[in-house]
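Source file: input-v4.cif; contents: mmCIF, C-alpha atoms and all ligand atoms.
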data_entry
loop_
_atom_site.label_atom_id
_atom_site.label_comp_id
_atom_site.auth_asym_id
_atom_site.auth_seq_id
_atom_site.Cartn_x
_atom_site.Cartn_y
_atom_site.Cartn_z
CA MET V 196 297.39 -53.18 140.31
CA LEU V 197 298.16 -51.69 143.74
CA MET V 198 301.40 -52.32 145.63
CA ALA V 199 302.46 -51.38 149.13
CA ASP V 200 306.22 -51.60 149.38
CA ASP V 201 307.99 -51.77 152.75
CA ILE V 202 305.54 -49.48 154.49
CA SER V 203 306.20 -48.27 158.00
CA TYR V 204 303.99 -45.83 159.86
CA ALA V 205 304.20 -44.48 163.40
CA VAL V 206 302.25 -42.03 165.52
CA GLY V 207 304.11 -40.21 168.28
CA GLY V 208 306.93 -42.72 168.12
CA THR V 209 304.58 -45.72 168.38
CA PRO V 210 304.85 -47.95 165.31
CA LEU V 211 301.46 -48.90 163.87
CA LEU V 212 302.89 -50.61 160.78
CA SER V 213 306.37 -52.04 160.41
CA HIS V 214 307.88 -52.99 157.05
CA VAL V 215 304.60 -54.07 155.49
CA SER V 216 304.68 -55.13 151.85
CA ALA V 217 301.63 -56.36 150.00
CA ALA V 218 300.49 -56.73 146.42
CA PHE V 219 296.83 -56.25 145.54
CA PRO V 220 296.32 -57.72 142.07
CA ALA V 221 293.64 -57.14 139.48
CA SER V 222 290.87 -59.72 139.11
CA ARG V 223 291.16 -60.69 142.77
CA VAL V 224 289.36 -60.01 146.02
CA THR V 225 292.06 -59.56 148.65
CA GLY V 226 290.86 -59.80 152.23
CA ILE V 227 292.75 -58.12 155.05
CA ILE V 228 291.99 -59.86 158.32
CA GLY V 229 293.34 -59.75 161.86
CA PRO V 230 292.35 -58.76 165.38
CA ASN V 231 291.30 -55.28 166.53
CA GLY V 232 294.22 -52.88 166.42
CA ALA V 233 296.26 -55.05 164.02
CA GLY V 234 296.76 -52.14 161.61
CA LYS V 235 294.29 -53.17 158.89
CA SER V 236 292.58 -49.78 158.54
CA THR V 237 295.91 -47.98 158.75
CA LEU V 238 297.24 -50.08 155.88
CA LEU V 239 294.09 -49.51 153.84
CA ARG V 240 294.20 -45.74 154.41
CA ILE V 241 297.84 -45.65 153.34
CA ALA V 242 296.98 -47.75 150.27
CA ALA V 243 294.22 -45.23 149.48
CA GLY V 244 296.63 -42.29 149.84
CA LEU V 245 294.73 -40.88 152.82
CA LEU V 246 297.72 -41.31 155.11
CA ALA V 247 301.30 -40.74 154.04
CA PRO V 248 303.59 -43.56 155.16
CA GLY V 249 306.63 -42.70 157.28
CA ALA V 250 308.69 -45.00 155.05
CA GLY V 251 308.02 -47.05 151.95
CA GLN V 252 305.72 -46.27 149.06
CA VAL V 253 302.47 -47.21 147.41
CA SER V 254 302.22 -47.58 143.67
CA CYS V 255 298.99 -47.61 141.77
CA MET V 256 299.02 -49.17 138.31
CA GLY V 257 302.76 -48.58 138.08
CA GLU V 258 302.62 -44.97 139.22
CA GLY V 259 303.64 -43.62 142.63
CA LEU V 260 300.45 -42.80 144.53
CA ALA V 261 302.10 -39.89 146.34
CA GLY V 262 302.74 -38.09 143.04
CA MET V 263 299.20 -38.48 141.66
CA THR V 264 296.83 -35.53 141.78
CA LEU V 265 293.74 -36.05 143.93
CA ALA V 266 291.47 -36.05 140.87
CA ARG V 267 293.62 -38.64 139.09
CA ARG V 268 293.77 -40.79 142.21
CA ALA V 269 289.98 -40.62 142.55
CA ARG V 270 289.59 -41.98 139.02
CA HIS V 271 291.80 -44.95 139.86
CA LEU V 272 290.77 -45.79 143.35
CA ALA V 273 287.58 -45.74 145.41
CA TYR V 274 287.63 -46.03 149.18
CA MET V 275 284.84 -46.91 151.56
CA PRO V 276 285.69 -45.87 155.13
CA GLN V 277 285.00 -47.93 158.24
CA ASP V 278 283.45 -44.99 160.07
CA MET V 279 280.24 -43.79 158.54
CA PRO V 280 280.14 -40.03 158.11
CA THR V 281 277.07 -38.15 159.31
CA LEU V 282 274.95 -38.03 156.20
CA PRO V 283 273.18 -34.86 155.11
CA PRO V 284 269.41 -34.60 154.58
CA MET V 285 269.96 -35.27 150.88
CA PRO V 286 268.21 -37.92 148.81
CA VAL V 287 270.04 -41.25 148.71
CA ARG V 288 270.53 -41.02 144.96
CA GLU V 289 272.19 -37.62 145.25
CA VAL V 290 274.63 -38.91 147.85
CA ALA V 291 275.55 -41.89 145.65
CA SER V 292 275.99 -39.55 142.67
CA LEU V 293 278.80 -37.74 144.52
CA GLY V 294 280.92 -40.71 143.40
CA ARG V 295 280.78 -39.32 139.84
CA LEU V 296 282.26 -35.91 140.64
CA PRO V 297 285.93 -36.97 140.13
CA TYR V 298 285.03 -37.30 136.46
CA GLY V 299 284.26 -33.59 136.31
CA GLU V 300 280.55 -34.17 135.94
CA SER V 301 278.22 -31.47 137.13
CA PRO V 302 275.98 -32.54 140.03
CA ALA V 303 273.02 -32.66 137.60
CA GLN V 304 274.88 -34.90 135.13
CA ALA V 305 276.20 -37.08 137.94
CA LEU V 306 272.70 -37.56 139.33
CA HIS V 307 271.47 -39.14 136.11
CA HIS V 308 274.55 -41.19 135.37
CA LEU V 309 273.92 -44.87 134.66
CA ALA V 310 276.73 -45.82 137.06
CA VAL V 311 274.69 -44.40 139.95
CA THR V 312 271.63 -46.43 138.98
CA GLN V 313 273.72 -49.57 138.74
CA ALA V 314 275.51 -48.92 142.03
CA LEU V 315 272.24 -48.41 143.93
CA ASP V 316 270.90 -51.57 142.38
CA LYS V 317 273.98 -53.58 143.37
CA VAL V 318 273.60 -52.66 147.04
CA GLY V 319 269.82 -53.08 147.04
CA LEU V 320 268.98 -49.40 147.55
CA THR V 321 266.98 -48.74 144.38
CA GLY V 322 263.74 -48.68 146.36
CA LEU V 323 265.17 -46.10 148.79
CA ALA V 324 266.73 -43.83 146.14
CA HIS V 325 264.46 -40.89 147.00
CA ARG V 326 264.59 -41.24 150.79
CA LEU V 327 266.72 -38.77 152.74
CA ALA V 328 270.12 -40.23 153.53
CA ASN V 329 270.05 -39.04 157.16
CA GLN V 330 266.93 -41.18 157.73
CA LEU V 331 268.61 -44.46 156.76
CA SER V 332 269.39 -47.26 159.19
CA GLY V 333 273.00 -48.15 159.96
CA GLY V 334 273.16 -50.99 157.46
CA GLU V 335 271.42 -48.92 154.79
CA ARG V 336 273.92 -46.11 155.36
CA ALA V 337 276.80 -48.55 154.95
CA ARG V 338 275.29 -49.77 151.69
CA LEU V 339 274.92 -46.16 150.51
CA MET V 340 278.60 -45.48 151.21
CA LEU V 341 279.42 -48.56 149.20
CA ALA V 342 277.12 -47.39 146.38
CA ARG V 343 278.93 -44.05 146.29
CA ALA V 344 282.25 -45.90 145.96
CA LEU V 345 280.84 -48.29 143.31
CA ALA V 346 279.48 -45.34 141.31
CA MET V 347 283.07 -44.18 140.83
CA GLN V 348 283.67 -47.27 138.65
CA THR V 349 287.37 -47.24 139.48
CA PRO V 350 289.70 -50.13 138.65
CA ILE V 351 290.51 -50.41 142.36
CA LEU V 352 288.04 -50.58 145.24
CA LEU V 353 289.18 -50.47 148.86
CA ALA V 354 286.50 -51.14 151.47
CA ASP V 355 287.01 -51.09 155.22
CA GLU V 356 284.65 -53.50 156.98
CA PRO V 357 281.89 -52.99 154.41
CA VAL V 358 279.71 -55.81 155.74
CA ALA V 359 280.14 -55.20 159.49
CA ALA V 360 276.71 -53.54 159.79
CA LEU V 361 274.90 -55.73 157.26
CA ASP V 362 272.43 -58.52 157.86
CA PRO V 363 273.49 -61.94 156.53
CA ALA V 364 271.55 -61.63 153.27
CA HIS V 365 272.99 -58.22 152.42
CA ALA V 366 276.47 -59.29 153.55
CA LEU V 367 276.28 -62.24 151.17
CA ALA V 368 275.00 -60.02 148.37
CA VAL V 369 277.75 -57.44 148.86
CA MET V 370 280.46 -60.11 148.95
CA GLY V 371 278.94 -61.41 145.72
CA VAL V 372 279.24 -57.90 144.23
CA PHE V 373 282.94 -57.85 145.16
CA ALA V 374 283.46 -61.25 143.55
CA GLY V 375 281.70 -59.98 140.43
CA LEU V 376 283.93 -56.89 140.28
CA ALA V 377 287.02 -59.08 140.54
CA ALA V 378 285.66 -61.36 137.83
CA SER V 379 285.42 -58.31 135.58
CA GLY V 380 289.11 -57.46 136.16
CA ARG V 381 288.88 -55.03 139.05
CA CYS V 382 291.13 -55.06 142.11
CA VAL V 383 289.09 -55.35 145.30
CA VAL V 384 290.63 -55.03 148.75
CA VAL V 385 288.38 -55.53 151.71
CA VAL V 386 288.97 -55.49 155.47
CA LEU V 387 286.85 -58.14 157.13
CA HIS V 388 286.25 -59.58 160.58
CA ASP V 389 283.96 -62.35 159.38
CA LEU V 390 286.30 -65.30 158.84
CA LEU V 391 283.59 -67.29 157.16
CA LEU V 392 282.95 -64.64 154.49
CA ALA V 393 286.66 -63.92 154.16
CA THR V 394 287.54 -67.54 153.48
CA ARG V 395 284.56 -68.09 151.24
CA PHE V 396 284.79 -65.00 149.03
CA CYS V 397 288.40 -63.80 149.03
CA ASP V 398 290.99 -65.07 146.58
CA THR V 399 293.86 -64.05 148.85
CA LEU V 400 294.02 -63.31 152.56
CA ILE V 401 296.47 -61.00 154.29
CA MET V 402 296.57 -61.81 158.01
CA MET V 403 297.82 -58.96 160.15
CA LYS V 404 298.71 -58.64 163.80
CA ASP V 405 300.55 -55.95 165.77
CA GLY V 406 301.36 -53.91 162.68
CA HIS V 407 302.90 -56.83 160.80
CA ILE V 408 301.73 -59.18 158.09
CA LEU V 409 301.83 -62.71 159.44
CA HIS V 410 300.59 -64.55 156.35
CA GLN V 411 299.58 -63.83 152.75
CA LEU V 412 297.89 -66.84 151.31
CA ALA V 413 294.93 -68.37 149.52
CA PRO V 414 292.08 -69.28 151.90
CA ALA V 415 292.63 -72.95 151.00
CA HIS V 416 296.01 -72.76 152.73
CA LEU V 417 294.71 -71.22 155.93
CA THR V 418 295.14 -73.53 158.92
CA ASP V 419 293.60 -73.68 162.35
CA ALA V 420 297.07 -73.02 163.81
CA MET V 421 297.29 -69.72 161.89
CA VAL V 422 293.85 -68.66 163.10
CA ARG V 423 294.81 -69.55 166.68
CA GLN V 424 298.09 -67.64 166.34
CA THR V 425 296.31 -64.58 164.97
CA TYR V 426 293.12 -64.44 167.02
CA GLY V 427 293.67 -66.86 169.90
CA VAL V 428 290.51 -68.81 169.05
CA THR V 429 289.96 -72.30 167.75
CA SER V 430 288.50 -72.58 164.28
CA ARG V 431 287.14 -75.28 162.07
CA ARG V 432 286.82 -75.61 158.32
CA VAL V 433 283.22 -76.15 157.24
CA ASP V 434 282.60 -76.66 153.53
CA GLY V 435 285.83 -74.82 152.70
CA ALA V 436 285.10 -71.80 154.90
CA PHE V 437 286.61 -71.15 158.33
CA VAL V 438 284.35 -70.78 161.33
CA PRO V 439 285.64 -69.55 164.70
CA TRP V 440 284.67 -72.74 166.51
CA ASP V 441 284.86 -71.24 170.00
CA LEU V 442 281.78 -69.23 168.98
CA CYS V 443 279.90 -72.38 168.03
CA THR V 444 280.33 -74.70 170.96
CA THR V 445 280.33 -74.46 174.74
CA ASP V 446 281.30 -78.10 175.15
CA PRO V 447 284.87 -78.21 176.58
CA SER V 448 285.17 -81.90 175.57
CA ASP V 449 284.48 -81.05 171.93
CA GLN V 450 287.08 -83.03 170.02
CA THR V 451 287.62 -80.22 167.56
CA ARG V 452 288.83 -77.77 170.18
N1 LIG V 501 296.09 -41.49 165.15
C1 LIG V 501 296.42 -42.49 165.97
N2 LIG V 501 297.12 -42.24 167.11
C2 LIG V 501 297.46 -43.24 167.95
N3 LIG V 501 297.18 -44.53 167.73
C3 LIG V 501 296.50 -44.82 166.61
C4 LIG V 501 296.09 -43.84 165.68
N4 LIG V 501 295.43 -44.45 164.66
C5 LIG V 501 295.42 -45.75 164.97
N5 LIG V 501 296.06 -45.98 166.13
C6 LIG V 501 296.28 -47.27 166.77
O1 LIG V 501 296.89 -48.09 165.80
C7 LIG V 501 296.45 -49.43 165.92
C8 LIG V 501 295.96 -49.90 164.56
O2 LIG V 501 294.74 -49.21 164.24
P1 LIG V 501 293.86 -49.66 163.02
O3 LIG V 501 292.66 -48.78 163.01
O4 LIG V 501 294.69 -49.71 161.82
O5 LIG V 501 293.49 -51.14 163.47
P2 LIG V 501 292.50 -52.20 162.79
O6 LIG V 501 293.29 -53.43 162.56
O7 LIG V 501 291.81 -51.61 161.64
O8 LIG V 501 291.49 -52.45 163.99
P3 LIG V 501 289.90 -52.73 164.06
O9 LIG V 501 289.70 -54.15 163.67
O10 LIG V 501 289.60 -52.52 165.52
O11 LIG V 501 289.19 -51.74 163.18
C9 LIG V 501 295.39 -49.44 167.00
O12 LIG V 501 295.97 -49.92 168.20
C10 LIG V 501 294.99 -47.98 167.14
O13 LIG V 501 294.61 -47.68 168.47
#

What is this structure when it is put down as structure tokens?
Amino acid sequence: MLMADDISYAVGGTPLLSHVSAAFPASRVTGIIGPNGAGKSTLLRIAAGLLAPGAGQVSCMGEGLAGMTLARRARHLAYMPQDMPTLPPMPVREVASLGRLPYGESPAQALHHLAVTQALDKVGLTGLAHRLANQLSGGERARLMLARALAMQTPILLADEPVAALDPAHALAVMGVFAGLAASGRCVVVVLHDLLLATRFCDTLIMMKDGHILHQLAPAHLTDAMVRQTYGVTSRRVDGAFVPWDLCTTDPSDQTR
């Protein structure tokens, strides 16, 4: 669905990504994981067409992303940024309805579109639809940005740390939404720091470090050695999901360390 082919990207002579190739298929949730500064957001922004790679190319459903008009790109691909923009004093529903504008809908049409209702429902914001967006809490704002992206109903959704500000219940719900989108044939790519959610909900993991991809694999094939190599922490598999074990125990004699 979305392919990054031999991407390199540098700023001021400093390479941020070096020869990165990745395939993001339909019907899958692909998780991009790795330590701070690994290049995850840079890769996602290049995959979204927001940054032009220094070398390599991105193709979107068989078409070069660089050659697509902005409007066409916006009908194929939705992007949720890591940094929350300052939201205007506009009702929540109106902000979410901005996701419909790539379809050429007038703001009034967009506001009443079913996709907006469904998107707000998916992120649990139906009850806050008439509140002003600038009054929302951090987690609520993150869910609104996700609702705006969901309202676009694109075949591809790219989300940069969408659950970082969410409480456990909403994080679980949002990961469930991603799984549902993939089950309906969509391509979902999500940057995550939560190893537990990544290994539980993603179909494929891309592990990055220092601007390189170290591993691309199914969570079932992730090993403690890979986690240690990538993050420098000990981990443990619990019911199929990986938990950074150094966060769970202070006992230096713990046999699992
Ligand atoms: N415009 C820029 N100029 C200089 N360095 C940059 C620029 N943008 C990103 N970087 C650096 O590139 C590296 C990768 O950044 P990126 O945001 O892709 O990391 P990340 O893996 O998403 O990290 P995090 O988990 O902290 O969000 C970082 O070391 C960052 O400081």

Using all atoms listed in the file, which residues have at least one atom no more than 10 Å from ligand LIG 501 (chain V)? Output them as a ChimeraX atom specification. /V:204-212,227-241,277-278,355-356,386-388,403-406

Using all atoms listed in the file, determine which residues lie at most 12 Å from Ala436 in chain V, disregarding the query and same-chain residues fewer than 6 positions distant; provide the list as a PDB file with C-alpha atoms, in the coordinates of the input.
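Output below, filename selection12.pdb:
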ATOM      1  CA  ASP V 389     283.960 -62.350 159.380  1.00  0.00           C
ATOM      2  CA  LEU V 390     286.300 -65.300 158.840  1.00  0.00           C
ATOM      3  CA  LEU V 391     283.590 -67.290 157.160  1.00  0.00           C
ATOM      4  CA  LEU V 392     282.950 -64.640 154.490  1.00  0.00           C
ATOM      5  CA  ALA V 393     286.660 -63.920 154.160  1.00  0.00           C
ATOM      6  CA  THR V 394     287.540 -67.540 153.480  1.00  0.00           C
ATOM      7  CA  ARG V 395     284.560 -68.090 151.240  1.00  0.00           C
ATOM      8  CA  PHE V 396     284.790 -65.000 149.030  1.00  0.00           C
ATOM      9  CA  CYS V 397     288.400 -63.800 149.030  1.00  0.00           C
ATOM     10  CA  ALA V 413     294.930 -68.370 149.520  1.00  0.00           C
ATOM     11  CA  PRO V 414     292.080 -69.280 151.900  1.00  0.00           C
ATOM     12  CA  ALA V 415     292.630 -72.950 151.000  1.00  0.00           C
ATOM     13  CA  HIS V 416     296.010 -72.760 152.730  1.00  0.00           C
ATOM     14  CA  LEU V 417     294.710 -71.220 155.930  1.00  0.00           C
ATOM     15  CA  THR V 418     295.140 -73.530 158.920  1.00  0.00           C
ATOM     16  CA  ASP V 419     293.600 -73.680 162.350  1.00  0.00           C
ATOM     17  CA  SER V 430     288.500 -72.580 164.280  1.00  0.00           C
TER      18      SER V 430
END

If you count all atoms listed in the file, which residues fall within 6 Å of Ser222 in chain V, apart from same-chain ones fewer than 4 positions away, as a count of residues only? 5

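CA of Phe219 in chain V is positioned 6.1 Å from CA of Met196 in chain V.
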
Using only C-alpha atoms for the distances, tell me which of V:Val318, V:Glu258, V:Val253, V:Gln313 is nearest to Leu367 in chain V. V:Val318

Counting all atoms listed in the file, what is within 8 Å of Trp440 in chain V, bar same-chain residues fewer than 5 positions away, as an MDAnalysis selection string? chainID V and resid 428:431 452

Would you work out the distance separating CA of Ser203 in chain V from CA of Ala269 in chain V, expressed in Å to one decimal?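 Separation between CA of Ser203 in chain V and CA of Ala269 in chain V: 23.7 Å.
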
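The nearest approach to His214 in chain V among the residues V:Ala250, V:Val287, V:Ala266, V:Ile351, with all atoms listed in the file taken into account, belongs to V:Ala250.
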
Interatomic distance, CA of Val422 in chain V to CA of Ile408 in chain V (Å, one decimal): 13.3 Å

Of the candidates V:Gly244, V:Gly226, V:Gly249, V:Pro302, which one gets nearest to Ile202 in chain V if we count only C-alpha atoms?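 Between V:Gly244, V:Gly226, V:Gly249, V:Pro302, the residue approaching Ile202 in chain V most closely is V:Gly249.
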
Using all atoms listed in the file, which of V:Gly435, V:Gly262, V:Gly322, V:Pro357 sits nearest Arg336 in chain V?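 Using all atoms listed in the file, the shortest distance to Arg336 in chain V belongs to V:Pro357.
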